[in-house]
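**Student:** Below you'll find the structure I mean.
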Amino acid sequence: MASTTALFTGLTGLNANARNLDVIGNNIANGNTVAFKSARANFETMFSRTFNAGTPPGDTVGGTNPFQIGYGVRVSGTQKNFATGTISPTGDLRDLAIDGDGFFVVNRGTQPFYTRAGNFRPDAEQYLATPSGERLQGYGIDENFNIVPGRLGDMRIPLGTLTIAEATQNVRFRGNLDASGSIPSQGSNVNLLGTQTDGLRAIAAAAPAPAPGNLIEGTTRLVDIEDPELVGSGTPMFLDGQSIELRNIEKGGRTLPTAIFPITTTSTLDDLMTFMRETIGINGTTGANPDGNTPGVTLDPTTGVVSITGNTGTVNDIAIDSSDMRLLNASGQVVRQPFVPQKTAAADGESVRTTFIVYDSLGTPVEVDLAMTLEGKSNAGTTWRYTIESADATGPDLAITTGVLAFDTEGQLDTTVPIAISIDRSDTGADSPLGFSLSFAEGDDTVTALTDETSSVAATYRDGAPIGTLSGFGIGIDGFITGTFSNGLTRTIGQVALATFPNNEGLVDQGGNLFGVGANSGSPIVTTPTVLGAGRTIGGALELSNVDLGEEFIKMILASTGYSASSRVIRTADELMQQLLVLGR
């Protein structure tokens, strides 16, 4: 007799295979979806009707097996295939792929989601976001560009807006100092007089008055210096509110920066001479020159002549014209040329000068001059004096420091310890002082002292940088985001976070390539790439769908065959019922 049970059993086959086709169709439809994970439908039998549970074997008879008829099939569930898809390079550094286990963490407001799709793009506020707007999560940086672990936040790549500067810490030099050069015999000497023949003198009413026998003294106030063109008249050459401008003074052929000395009622000649020494950059700590004169600015009180004695070496030769020293009124207009300079000696001796740029903490360029002067020769080798000057130092003194380098008989430095330099940057907004080191023997960058035609030294390396703007970035396998700046610097600007789960297949598909935590997924373990089992990140690439179209087509054939077979069961059961009805007519 025909059974209605067969009708319903065939119906379960139709339903199960239809659901299987749904899963297969979804896989095929997402064959080109970024990082899509294919799924499969799992079938299981439905309950069975038991006619006989079976009997055990006896002493003389065998046992019998259960007599059961099943009532069809059903879909027990679907399983995601979380195998990594093919990693395809895109050339776009904003794309990311995960090679291995793990998910990118993204936020929609305060709600976290997890995705394998790394097709991120910056939004209007330069946060990396998915096509549907969820922002990529990771670890930010502190003010020193160090990663701050354990605190997730939106990953922002501020291209074109983030700026950075770096103070110089190291400068290296290369070159050769001519060991056959001449040892200096003197520094330059320039006398400053009031006229072509007479020095300066104080007026009769000067307070304080010079000691007997002196025309003028260092403590004499500038407003008490007599006009040399009106001797005996008691007319002062300088007035309160005026200023003395030094400009176009040359030192070793280079023009020194302009400097202005304001005159007040308390300004003394000593003050002016100190100003001149600092402006010209005469280093008085070197001791007396070979001719016995000590570098600096001095006064002969009996003659009123101010003498400017420079350091040795041709690069320290001082040249002053009368037009280089001007007296200005309170409005900045030229009143006269108060001094008559007379040069009596020129600096000599083998020397060389080089200029290089360093940067303070704000990225401001600071110009520094290095001069090397041959100081002596002996059976142990040669000695050279270095002098450092900087017109960009905020202190009044052009001269920064000086010292001696010793070279052995083979022209090599006796000591390779770097020289520490400190330049005042007060009231510039930058860290002060600016400290950096000068290296004359480090690797291939070495200064020697061998016989040559001329001496030549140049800076071959300098760290530090002026202001630069973030112009690009790259992401490493460890998730570190490295930014490149227009000034050549690179800095870490963040780190991408990854989440792993005890059971990836327990995640709930939320659509849009996003997954949410499921009841059977376990809690997420948020970490960084290559840590705690998480895969590595690959920049400039995307993970493709892991759908195998060949396999899906085979499954589709099997599902279609199963559907057709189930429908045939229904039709056959129907035919049997029709035949049964015919018997009753």
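Note on naming: chains are A, B, ... as they come in the structure tokens, residues start from 1 per chain, ligands start from 1 in the order shown.
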Tell me, as an MDAnalysis selection string, which residues lie within 12 Å of Thr454 (chain A), counting only C-alpha atoms; anything in the same chain fewer than 3 positions away does not count.
**Tutor:** chainID A and resid 175:182 350:353 449:451 457
**Student:** If you count only C-alpha atoms, which residues fall within 12 Å of region 421-428 of chain A, apart from same-chain ones fewer than 2 positions away, as a PDB file with N, CA, C and O atoms, in the first residue's frame?
**Tutor:**
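Printed below is out_23.pdb as written:
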```pdb
ATOM      1  N   ALA A 167      66.156  67.743  16.204  1.00  0.00           N
ATOM      2  CA  ALA A 167      67.405  68.439  16.506  1.00  0.00           C
ATOM      3  C   ALA A 167      68.599  67.586  16.095  1.00  0.00           C
ATOM      4  O   ALA A 167      68.572  66.356  16.189  1.00  0.00           O
ATOM      5  N   THR A 168      69.638  68.253  15.646  1.00  0.00           N
ATOM      6  CA  THR A 168      70.873  67.559  15.269  1.00  0.00           C
ATOM      7  C   THR A 168      71.582  67.031  16.503  1.00  0.00           C
ATOM      8  O   THR A 168      71.639  67.695  17.536  1.00  0.00           O
ATOM      9  N   GLN A 169      72.116  65.827  16.375  1.00  0.00           N
ATOM     10  CA  GLN A 169      72.881  65.225  17.464  1.00  0.00           C
ATOM     11  C   GLN A 169      74.299  64.857  17.033  1.00  0.00           C
ATOM     12  O   GLN A 169      75.196  64.830  17.872  1.00  0.00           O
ATOM     13  N   ASN A 170      74.485  64.589  15.743  1.00  0.00           N
ATOM     14  CA  ASN A 170      75.797  64.136  15.283  1.00  0.00           C
ATOM     15  C   ASN A 170      76.129  64.752  13.925  1.00  0.00           C
ATOM     16  O   ASN A 170      75.268  64.841  13.041  1.00  0.00           O
ATOM     17  N   VAL A 171      77.379  65.169  13.799  1.00  0.00           N
ATOM     18  CA  VAL A 171      77.911  65.659  12.531  1.00  0.00           C
ATOM     19  C   VAL A 171      79.251  64.968  12.299  1.00  0.00           C
ATOM     20  O   VAL A 171      80.068  64.861  13.230  1.00  0.00           O
ATOM     21  N   VAL A 358      73.122  72.837  11.153  1.00  0.00           N
ATOM     22  CA  VAL A 358      72.492  71.914  12.096  1.00  0.00           C
ATOM     23  C   VAL A 358      71.083  72.436  12.372  1.00  0.00           C
ATOM     24  O   VAL A 358      70.736  73.552  11.970  1.00  0.00           O
ATOM     25  N   TYR A 359      70.272  71.637  13.050  1.00  0.00           N
ATOM     26  CA  TYR A 359      68.887  72.016  13.313  1.00  0.00           C
ATOM     27  C   TYR A 359      68.587  71.904  14.804  1.00  0.00           C
ATOM     28  O   TYR A 359      69.039  70.979  15.469  1.00  0.00           O
ATOM     29  N   ASP A 360      67.829  72.895  15.308  1.00  0.00           N
ATOM     30  CA  ASP A 360      67.415  72.821  16.701  1.00  0.00           C
ATOM     31  C   ASP A 360      66.140  72.001  16.810  1.00  0.00           C
ATOM     32  O   ASP A 360      65.657  71.430  15.820  1.00  0.00           O
ATOM     33  N   SER A 361      65.552  71.922  17.996  1.00  0.00           N
ATOM     34  CA  SER A 361      64.408  71.045  18.210  1.00  0.00           C
ATOM     35  C   SER A 361      63.162  71.504  17.469  1.00  0.00           C
ATOM     36  O   SER A 361      62.227  70.718  17.294  1.00  0.00           O
ATOM     37  N   LEU A 362      63.119  72.746  17.008  1.00  0.00           N
ATOM     38  CA  LEU A 362      61.994  73.241  16.219  1.00  0.00           C
ATOM     39  C   LEU A 362      62.239  73.106  14.727  1.00  0.00           C
ATOM     40  O   LEU A 362      61.396  73.496  13.925  1.00  0.00           O
ATOM     41  N   GLY A 363      63.400  72.576  14.356  1.00  0.00           N
ATOM     42  CA  GLY A 363      63.733  72.440  12.949  1.00  0.00           C
ATOM     43  C   GLY A 363      64.314  73.696  12.341  1.00  0.00           C
ATOM     44  O   GLY A 363      64.458  73.795  11.124  1.00  0.00           O
ATOM     45  N   THR A 364      64.662  74.662  13.180  1.00  0.00           N
ATOM     46  CA  THR A 364      65.264  75.897  12.676  1.00  0.00           C
ATOM     47  C   THR A 364      66.712  75.639  12.280  1.00  0.00           C
ATOM     48  O   THR A 364      67.484  75.089  13.064  1.00  0.00           O
ATOM     49  N   PRO A 365      67.105  76.019  11.059  1.00  0.00           N
ATOM     50  CA  PRO A 365      68.505  75.819  10.660  1.00  0.00           C
ATOM     51  C   PRO A 365      69.433  76.764  11.416  1.00  0.00           C
ATOM     52  O   PRO A 365      69.130  77.951  11.582  1.00  0.00           O
ATOM     53  N   VAL A 366      70.528  76.217  11.899  1.00  0.00           N
ATOM     54  CA  VAL A 366      71.533  76.985  12.630  1.00  0.00           C
ATOM     55  C   VAL A 366      72.860  76.827  11.887  1.00  0.00           C
ATOM     56  O   VAL A 366      73.358  75.714  11.730  1.00  0.00           O
ATOM     57  N   GLU A 367      73.403  77.949  11.431  1.00  0.00           N
ATOM     58  CA  GLU A 367      74.653  77.913  10.657  1.00  0.00           C
ATOM     59  C   GLU A 367      75.847  77.902  11.609  1.00  0.00           C
ATOM     60  O   GLU A 367      75.922  78.702  12.540  1.00  0.00           O
ATOM     61  N   VAL A 368      76.770  76.986  11.357  1.00  0.00           N
ATOM     62  CA  VAL A 368      77.944  76.829  12.208  1.00  0.00           C
ATOM     63  C   VAL A 368      79.189  76.834  11.332  1.00  0.00           C
ATOM     64  O   VAL A 368      79.198  76.232  10.246  1.00  0.00           O
ATOM     65  N   ASP A 369      80.233  77.523  11.802  1.00  0.00           N
ATOM     66  CA  ASP A 369      81.513  77.565  11.095  1.00  0.00           C
ATOM     67  C   ASP A 369      82.551  76.784  11.879  1.00  0.00           C
ATOM     68  O   ASP A 369      82.685  76.942  13.100  1.00  0.00           O
ATOM     69  N   LEU A 370      83.300  75.947  11.172  1.00  0.00           N
ATOM     70  CA  LEU A 370      84.412  75.212  11.748  1.00  0.00           C
ATOM     71  C   LEU A 370      85.691  75.660  11.057  1.00  0.00           C
ATOM     72  O   LEU A 370      85.799  75.589   9.829  1.00  0.00           O
ATOM     73  N   TYR A 386      90.991  73.712  16.381  1.00  0.00           N
ATOM     74  CA  TYR A 386      89.658  73.924  15.801  1.00  0.00           C
ATOM     75  C   TYR A 386      88.970  75.052  16.556  1.00  0.00           C
ATOM     76  O   TYR A 386      89.124  75.210  17.768  1.00  0.00           O
ATOM     77  N   THR A 387      88.243  75.865  15.849  1.00  0.00           N
ATOM     78  CA  THR A 387      87.419  76.910  16.457  1.00  0.00           C
ATOM     79  C   THR A 387      86.020  76.807  15.864  1.00  0.00           C
ATOM     80  O   THR A 387      85.841  76.618  14.663  1.00  0.00           O
ATOM     81  N   ILE A 388      85.019  76.922  16.728  1.00  0.00           N
ATOM     82  CA  ILE A 388      83.618  76.833  16.326  1.00  0.00           C
ATOM     83  C   ILE A 388      82.972  78.189  16.536  1.00  0.00           C
ATOM     84  O   ILE A 388      83.094  78.790  17.598  1.00  0.00           O
ATOM     85  N   GLU A 389      82.284  78.664  15.508  1.00  0.00           N
ATOM     86  CA  GLU A 389      81.561  79.926  15.583  1.00  0.00           C
ATOM     87  C   GLU A 389      80.159  79.740  15.029  1.00  0.00           C
ATOM     88  O   GLU A 389      79.939  78.882  14.166  1.00  0.00           O
ATOM     89  N   SER A 390      79.226  80.548  15.517  1.00  0.00           N
ATOM     90  CA  SER A 390      77.857  80.514  14.995  1.00  0.00           C
ATOM     91  C   SER A 390      77.196  81.858  15.192  1.00  0.00           C
ATOM     92  O   SER A 390      77.058  82.342  16.323  1.00  0.00           O
ATOM     93  N   ALA A 391      76.812  82.453  14.082  1.00  0.00           N
ATOM     94  CA  ALA A 391      76.091  83.723  14.145  1.00  0.00           C
ATOM     95  C   ALA A 391      74.651  83.527  14.597  1.00  0.00           C
ATOM     96  O   ALA A 391      73.969  84.495  14.956  1.00  0.00           O
ATOM     97  N   ASP A 392      74.175  82.272  14.582  1.00  0.00           N
ATOM     98  CA  ASP A 392      72.796  81.998  14.971  1.00  0.00           C
ATOM     99  C   ASP A 392      72.655  81.667  16.455  1.00  0.00           C
ATOM    100  O   ASP A 392      71.551  81.388  16.922  1.00  0.00           O
ATOM    101  N   ALA A 393      73.774  81.669  17.184  1.00  0.00           N
ATOM    102  CA  ALA A 393      73.684  81.505  18.631  1.00  0.00           C
ATOM    103  C   ALA A 393      73.008  82.738  19.214  1.00  0.00           C
ATOM    104  O   ALA A 393      73.289  83.865  18.800  1.00  0.00           O
ATOM    105  N   THR A 394      72.100  82.529  20.164  1.00  0.00           N
ATOM    106  CA  THR A 394      71.377  83.672  20.707  1.00  0.00           C
ATOM    107  C   THR A 394      72.203  84.460  21.712  1.00  0.00           C
ATOM    108  O   THR A 394      71.834  85.566  22.081  1.00  0.00           O
ATOM    109  N   GLY A 395      73.308  83.897  22.164  1.00  0.00           N
ATOM    110  CA  GLY A 395      74.217  84.658  23.014  1.00  0.00           C
ATOM    111  C   GLY A 395      74.941  85.707  22.193  1.00  0.00           C
ATOM    112  O   GLY A 395      74.962  85.676  20.961  1.00  0.00           O
ATOM    113  N   PRO A 396      75.600  86.662  22.847  1.00  0.00           N
ATOM    114  CA  PRO A 396      76.255  87.756  22.116  1.00  0.00           C
ATOM    115  C   PRO A 396      77.540  87.342  21.422  1.00  0.00           C
ATOM    116  O   PRO A 396      77.987  88.020  20.490  1.00  0.00           O
ATOM    117  N   ASP A 397      78.162  86.247  21.854  1.00  0.00           N
ATOM    118  CA  ASP A 397      79.494  85.896  21.369  1.00  0.00           C
ATOM    119  C   ASP A 397      79.395  85.020  20.128  1.00  0.00           C
ATOM    120  O   ASP A 397      78.751  83.966  20.135  1.00  0.00           O
ATOM    121  N   LEU A 398      80.049  85.464  19.045  1.00  0.00           N
ATOM    122  CA  LEU A 398      80.106  84.670  17.814  1.00  0.00           C
ATOM    123  C   LEU A 398      80.911  83.396  18.040  1.00  0.00           C
ATOM    124  O   LEU A 398      80.591  82.336  17.494  1.00  0.00           O
ATOM    125  N   ALA A 399      81.973  83.485  18.831  1.00  0.00           N
ATOM    126  CA  ALA A 399      82.824  82.326  19.112  1.00  0.00           C
ATOM    127  C   ALA A 399      82.114  81.392  20.087  1.00  0.00           C
ATOM    128  O   ALA A 399      81.584  81.821  21.102  1.00  0.00           O
ATOM    129  N   ILE A 400      82.129  80.086  19.769  1.00  0.00           N
ATOM    130  CA  ILE A 400      81.474  79.086  20.611  1.00  0.00           C
ATOM    131  C   ILE A 400      82.490  78.351  21.467  1.00  0.00           C
ATOM    132  O   ILE A 400      82.393  78.329  22.695  1.00  0.00           O
ATOM    133  N   THR A 401      83.470  77.734  20.841  1.00  0.00           N
ATOM    134  CA  THR A 401      84.467  76.979  21.596  1.00  0.00           C
ATOM    135  C   THR A 401      85.695  76.751  20.725  1.00  0.00           C
ATOM    136  O   THR A 401      85.675  76.997  19.508  1.00  0.00           O
ATOM    137  N   THR A 402      86.755  76.283  21.361  1.00  0.00           N
ATOM    138  CA  THR A 402      87.985  75.970  20.637  1.00  0.00           C
ATOM    139  C   THR A 402      88.688  74.829  21.346  1.00  0.00           C
ATOM    140  O   THR A 402      88.395  74.512  22.511  1.00  0.00           O
ATOM    141  N   GLY A 403      89.596  74.189  20.633  1.00  0.00           N
ATOM    142  CA  GLY A 403      90.337  73.069  21.202  1.00  0.00           C
ATOM    143  C   GLY A 403      91.398  72.622  20.214  1.00  0.00           C
ATOM    144  O   GLY A 403      91.572  73.209  19.140  1.00  0.00           O
ATOM    145  N   PRO A 418      84.411  61.971  19.884  1.00  0.00           N
ATOM    146  CA  PRO A 418      83.728  63.137  19.305  1.00  0.00           C
ATOM    147  C   PRO A 418      83.826  64.357  20.208  1.00  0.00           C
ATOM    148  O   PRO A 418      83.974  64.250  21.423  1.00  0.00           O
ATOM    149  N   ILE A 419      83.753  65.521  19.601  1.00  0.00           N
ATOM    150  CA  ILE A 419      83.817  66.793  20.323  1.00  0.00           C
ATOM    151  C   ILE A 419      82.397  67.274  20.594  1.00  0.00           C
ATOM    152  O   ILE A 419      81.572  67.373  19.675  1.00  0.00           O
ATOM    153  N   ALA A 430      62.971  76.938  21.156  1.00  0.00           N
ATOM    154  CA  ALA A 430      63.552  75.603  21.010  1.00  0.00           C
ATOM    155  C   ALA A 430      64.271  75.213  22.295  1.00  0.00           C
ATOM    156  O   ALA A 430      64.536  76.042  23.167  1.00  0.00           O
ATOM    157  N   ASP A 431      64.575  73.916  22.392  1.00  0.00           N
ATOM    158  CA  ASP A 431      65.374  73.450  23.521  1.00  0.00           C
ATOM    159  C   ASP A 431      66.736  74.146  23.499  1.00  0.00           C
ATOM    160  O   ASP A 431      67.352  74.294  22.438  1.00  0.00           O
ATOM    161  N   SER A 432      67.177  74.588  24.668  1.00  0.00           N
ATOM    162  CA  SER A 432      68.456  75.284  24.754  1.00  0.00           C
ATOM    163  C   SER A 432      69.232  74.749  25.939  1.00  0.00           C
ATOM    164  O   SER A 432      68.664  74.518  27.019  1.00  0.00           O
ATOM    165  N   PRO A 433      70.531  74.507  25.757  1.00  0.00           N
ATOM    166  CA  PRO A 433      71.288  74.722  24.532  1.00  0.00           C
ATOM    167  C   PRO A 433      71.096  73.586  23.533  1.00  0.00           C
ATOM    168  O   PRO A 433      70.649  72.498  23.894  1.00  0.00           O
ATOM    169  N   LEU A 434      71.432  73.866  22.284  1.00  0.00           N
ATOM    170  CA  LEU A 434      71.467  72.843  21.244  1.00  0.00           C
ATOM    171  C   LEU A 434      72.800  72.122  21.344  1.00  0.00           C
ATOM    172  O   LEU A 434      73.848  72.710  21.122  1.00  0.00           O
ATOM    173  N   GLY A 435      72.747  70.852  21.719  1.00  0.00           N
ATOM    174  CA  GLY A 435      73.974  70.078  21.892  1.00  0.00           C
ATOM    175  C   GLY A 435      74.123  69.020  20.821  1.00  0.00           C
ATOM    176  O   GLY A 435      73.165  68.314  20.497  1.00  0.00           O
ATOM    177  N   PHE A 436      75.300  68.911  20.251  1.00  0.00           N
ATOM    178  CA  PHE A 436      75.577  67.884  19.253  1.00  0.00           C
ATOM    179  C   PHE A 436      77.065  67.565  19.284  1.00  0.00           C
ATOM    180  O   PHE A 436      77.854  68.249  19.941  1.00  0.00           O
ATOM    181  N   SER A 437      77.450  66.513  18.582  1.00  0.00           N
ATOM    182  CA  SER A 437      78.835  66.050  18.585  1.00  0.00           C
ATOM    183  C   SER A 437      79.434  66.145  17.193  1.00  0.00           C
ATOM    184  O   SER A 437      78.755  65.899  16.189  1.00  0.00           O
ATOM    185  N   LEU A 438      80.722  66.499  17.159  1.00  0.00           N
ATOM    186  CA  LEU A 438      81.488  66.529  15.908  1.00  0.00           C
ATOM    187  C   LEU A 438      82.444  65.341  15.902  1.00  0.00           C
ATOM    188  O   LEU A 438      83.245  65.183  16.822  1.00  0.00           O
ATOM    189  N   SER A 439      82.354  64.518  14.868  1.00  0.00           N
ATOM    190  CA  SER A 439      83.221  63.346  14.746  1.00  0.00           C
ATOM    191  C   SER A 439      84.164  63.547  13.563  1.00  0.00           C
ATOM    192  O   SER A 439      83.724  63.852  12.453  1.00  0.00           O
TER     193      SER A 439
END
```
**Student:** If you count only C-alpha atoms, which residues fall within 10 Å of Val231 (chain A), apart from same-chain ones fewer than 5 positions away, as a list of chain:residue names?
**Tutor:**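 Contacts, with the query itself left out: A:Leu200, A:Arg201, A:Ala202, A:Ile203, A:Glu226, A:Pro236.
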**Student:** Identify, on the basis of only C-alpha atoms, every residue whose closest approach to Ala534 (chain A) does not exceed 7 Å; exclude the query and any residue fewer than 4 positions from it along the same chain; express the result as a list in words.
**Tutor:** Gly100, Asp101, Gly102, Leu498, Thr500, Pro529 and Thr530 of chain A
**Student:** In Å to one decimal, how far is CA of Gly153 (chain A) from CA of Glu134 (chain A)?
**Tutor:** 12.3 Å
**Student:** Identify, on the basis of only C-alpha atoms, every residue whose closest approach to Gly187 (chain A) does not exceed 9 Å; exclude the query and any residue fewer than 6 positions from it along the same chain; express the result as a list in words.
**Tutor:**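 The residues that qualify are Asn289, Pro290, Asp291, Asn293, Thr294, Pro295, Thr309, Gly310, Asn311, Thr312, Gly313, Thr314, Asn316, Asp317, Ile318, Ala345, Ala346, Ala347, Asp348 and Gly349 of chain A.
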**Student:** Ranking A:Ser521, A:Thr382, A:Thr298, A:Thr460 by minimum distance to Ile357 (chain A) and counting only C-alpha atoms, which one comes first?
**Tutor:**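 Of A:Ser521, A:Thr382, A:Thr298, A:Thr460, the one nearest Ile357 (chain A) is A:Thr460, counting only C-alpha atoms.
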**Student:** For a test of reading the model, state the distance in Å between CA of Val106 (chain A) and CA of Val23 (chain A), rounded to one decimal.
**Tutor:** 26.6 Å
**Student:** Listing only residues of region 491-559 of chain A within 10 Å of region 109-123 of chain A, what is the closest atom pair and its distance in Å (to one decimal) for each, using only C-alpha atoms, sorted by chain and residue number ascending, as a Markdown table?
**Tutor:**
```
| residue | atom | partner | partner_atom | distance |
| --- | --- | --- | --- | --- |
| A:Leu498 | CA | A:Tyr114 | CA | 8.9 |
| A:Ala499 | CA | A:Tyr114 | CA | 7.6 |
| A:Thr500 | CA | A:Tyr114 | CA | 9.5 |
| A:Leu507 | CA | A:Tyr114 | CA | 9.2 |
| A:Val508 | CA | A:Tyr114 | CA | 10.0 |
| A:Asp509 | CA | A:Tyr114 | CA | 9.6 |
| A:Gln510 | CA | A:Phe113 | CA | 8.6 |
| A:Gly512 | CA | A:Thr115 | CA | 9.0 |
| A:Asn513 | CA | A:Thr115 | CA | 6.0 |
| A:Leu514 | CA | A:Thr115 | CA | 4.9 |
| A:Phe515 | CA | A:Tyr114 | CA | 5.0 |
| A:Gly516 | CA | A:Phe113 | CA | 5.4 |
| A:Val517 | CA | A:Phe113 | CA | 7.9 |
| A:Pro524 | CA | A:Tyr114 | CA | 9.4 |
| A:Thr537 | CA | A:Gly118 | CA | 9.7 |
| A:Ile538 | CA | A:Gly118 | CA | 9.7 |
| A:Gly539 | CA | A:Gly118 | CA | 9.2 |
| A:Gly540 | CA | A:Asn119 | CA | 9.6 |
| A:Ala541 | CA | A:Gly118 | CA | 8.3 |
| A:Leu542 | CA | A:Gly118 | CA | 6.2 |
| A:Glu543 | CA | A:Ala117 | CA | 6.9 |
| A:Leu544 | CA | A:Ala117 | CA | 8.6 |
| A:Ser545 | CA | A:Ala117 | CA | 9.6 |
```
